[in-house]
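Scroll down for the structure; my scribbles are underneath it.
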Amino acid sequence: MIAALISFRVSTDLTDINLKPLLLTSIIVFFIYAFFNIALSPISSAITVLFFTALLRLASFKKRAATGEPLIFGDISHTTHISIALKYVQLHEFILVLIAIVLLIGINWVKSRNLILRKWWRYAILCGLVVVTLTQTHHLVMTTAANANKMGIPYYSWDWPHNYKTNGLIVHLAQTGNRPQPVSITEQERIEFNRLYTNAVPANDSPSLFINILCESC
């Protein structure tokens with residue numbers, strides 16, 4: 001529950017938090033906790049979930065301070081954004097996060113070393129699940145966003161700061177990552193496109209320069 005509350009930006013008191021987004025956030029946090037609990041002790045799993053939730057909250061705070069917008073799913077899923085994000089990270093913040101990661105690994109080893117040595121197969125299962133999760137990230141995000149919609153949780157796509165404040169960071173990340181992938185074309189459609197492209201005749205008034213701008217919403 002603490003990890004779920006961390007994902008919300010509360011201005012006054014707990015009454016500002018909507019129950020439906022809090023419920024969905026708690027369910028997501030519980031599944032993540034159960035995920036780590038396969039190979040780690042309950043205490044280590046809880047600390048790990050709290051650490052990553054707090055890290056996401058810190059990243060969102062840094063982005064809001066610089067741009068006025070909260071963290072979105074594309075910020076953590078697109079590797080091209082890493083070089084931009086690092087420009088806003090100060091040296092002491094990087095050192096503190098690095099120390100926190102080392103402490104996290106140390107705590108996990110102290111609390112879970114007996115479990116690791118005796119139940120090594122749990123780590124094999126966890127590693128396999130991590131690989132599956134990474135390959136199915138987009139599907140998991142879309143499923144979470146669909147469940148949020150079924151629960152009646154609105155998505156304020158035109159006002160991300162309000163959406164983050166209303167729904168919490170974790171639900172907000174899922175909603176901003178809900179972008180359906182285009183359907184693959186058939187072989188017949190590919191042949192038809194090539195035929196049209198080959199027989200296309202440029203118009204006399206075609207512009208000499210064409211600039212293609214890919215916006216964030218696309």
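As shown in the structure tokens, the chain order sets the letters A, B, ...; within each chain, residues go from 1, and ligands are also counted from 1 in the order they appear.
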
(Q) Give me the residues near A:Gly177 as a ChimeraX atom specification, where near means some atom within 7 Å (using only C-alpha atoms) and where sequence neighbours in that chain fewer than 6 positions away do not count. (A) /A:73-74,141

Q: Quick one: everything within 12 Å of A:His139, counting only C-alpha atoms, minus sequence neighbours fewer than 3 positions away in the same chain. Send it as a list in words.
A: Val132, Thr133, Leu134, Thr135, Gln136, Met142, Thr143, Thr144, Ala145, Ala146, Ala174, Gly177, Asn178, Arg179, Pro180 and Gln181 of chain A

Export of the given selection (N, CA and C atoms) as a compact mmCIF listing (two decimals), in the first residue's frame:
# COMPACT_ATOMS: atom_id res chain seq x y z
N VAL A 132 10.13 -13.02 -20.57
CA VAL A 132 8.77 -13.03 -21.13
C VAL A 132 8.10 -11.68 -20.94
N THR A 133 8.28 -11.08 -19.76
CA THR A 133 7.67 -9.78 -19.47
C THR A 133 8.19 -8.70 -20.40
N LEU A 134 9.50 -8.70 -20.64
CA LEU A 134 10.09 -7.69 -21.52
C LEU A 134 9.58 -7.82 -22.95
N THR A 135 9.38 -9.04 -23.40
CA THR A 135 8.89 -9.24 -24.77
C THR A 135 7.40 -8.93 -24.90
N GLN A 136 6.67 -8.95 -23.77
CA GLN A 136 5.23 -8.72 -23.79
C GLN A 136 4.85 -7.41 -23.10
N MET A 142 -1.13 -2.36 -22.54
CA MET A 142 -2.45 -2.20 -23.16
C MET A 142 -3.53 -2.88 -22.33
N THR A 143 -3.21 -4.04 -21.74
CA THR A 143 -4.18 -4.75 -20.88
C THR A 143 -4.48 -3.93 -19.64
N THR A 144 -3.46 -3.35 -19.04
CA THR A 144 -3.65 -2.51 -17.85
C THR A 144 -4.50 -1.29 -18.18
N ALA A 145 -4.20 -0.64 -19.30
CA ALA A 145 -4.98 0.53 -19.71
C ALA A 145 -6.43 0.16 -20.00
N ALA A 146 -6.64 -1.02 -20.62
CA ALA A 146 -8.00 -1.48 -20.90
C ALA A 146 -8.77 -1.75 -19.62
N ALA A 174 0.74 3.52 -17.62
CA ALA A 174 0.04 2.53 -18.45
C ALA A 174 -0.85 3.21 -19.48
N GLY A 177 1.11 4.68 -22.32
CA GLY A 177 1.74 3.66 -23.15
C GLY A 177 0.77 2.86 -23.97
N ASN A 178 -0.52 3.18 -23.87
CA ASN A 178 -1.56 2.44 -24.59
C ASN A 178 -1.68 2.95 -26.02
N ARG A 179 -0.80 2.49 -26.87
CA ARG A 179 -0.79 2.89 -28.28
C ARG A 179 -0.84 1.64 -29.14
N PRO A 180 -1.99 1.35 -29.70
CA PRO A 180 -2.13 0.13 -30.51
C PRO A 180 -1.13 0.09 -31.66
N GLN A 181 -0.54 -1.07 -31.85
CA GLN A 181 0.39 -1.25 -32.96
C GLN A 181 -0.38 -1.42 -34.26

Q: Can you pull out every residue within 12 Å of A:Gly68, counting only C-alpha atoms, but drop anything in the same chain fewer than 2 positions away, and send it as a PyMOL selection string?
A: chain A and resi 60-66+70-71+159-162+164

Any chance you could export the current selection's N, CA and C atoms as a tab-separated table (two decimals), in the first residue's frame?
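Result file part-v1.tsv:
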chain	number	residue	atom	x	y	z
A	60	SER	N	9.90	11.35	-12.38
A	60	SER	CA	8.77	12.18	-12.78
A	60	SER	C	8.90	13.59	-12.19
A	61	PHE	N	9.37	13.67	-10.95
A	61	PHE	CA	9.57	14.97	-10.31
A	61	PHE	C	10.61	15.79	-11.06
A	62	LYS	N	11.70	15.14	-11.46
A	62	LYS	CA	12.75	15.84	-12.20
A	62	LYS	C	12.23	16.34	-13.54
A	63	LYS	N	11.43	15.52	-14.23
A	63	LYS	CA	10.90	15.95	-15.53
A	63	LYS	C	9.91	17.09	-15.36
A	64	ARG	N	9.06	17.03	-14.32
A	64	ARG	CA	8.10	18.11	-14.08
A	64	ARG	C	8.81	19.41	-13.78
A	65	ALA	N	9.91	19.33	-13.03
A	65	ALA	CA	10.66	20.54	-12.70
A	65	ALA	C	11.28	21.18	-13.93
A	66	ALA	N	11.64	20.34	-14.91
A	66	ALA	CA	12.31	20.84	-16.12
A	66	ALA	C	11.33	21.23	-17.22
A	70	PRO	N	4.65	15.41	-16.46
A	70	PRO	CA	5.09	14.23	-15.71
A	70	PRO	C	5.72	13.19	-16.62
A	71	LEU	N	6.27	12.18	-16.01
A	71	LEU	CA	6.86	11.07	-16.74
A	71	LEU	C	5.79	10.32	-17.53
A	159	ASP	N	-4.33	16.56	-20.81
A	159	ASP	CA	-3.79	17.22	-19.62
A	159	ASP	C	-3.06	16.18	-18.78
A	160	TRP	N	-1.82	15.88	-19.15
A	160	TRP	CA	-1.06	14.85	-18.45
A	160	TRP	C	-0.77	15.17	-16.99
A	161	PRO	N	-0.46	16.42	-16.62
A	161	PRO	CA	-0.26	16.70	-15.19
A	161	PRO	C	-1.50	16.39	-14.35
A	162	HIS	N	-2.68	16.71	-14.87
A	162	HIS	CA	-3.92	16.40	-14.15
A	162	HIS	C	-4.17	14.90	-14.13
A	164	TYR	N	-1.91	12.56	-14.14
A	164	TYR	CA	-0.98	11.99	-13.16
A	164	TYR	C	-1.47	12.23	-11.74

Q. Atom CA of A:Ile170 to atom CA of A:Val130: how many Å, to one decimal?
A.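 Separation of atom CA of A:Ile170 and atom CA of A:Val130: 18.7 Å.
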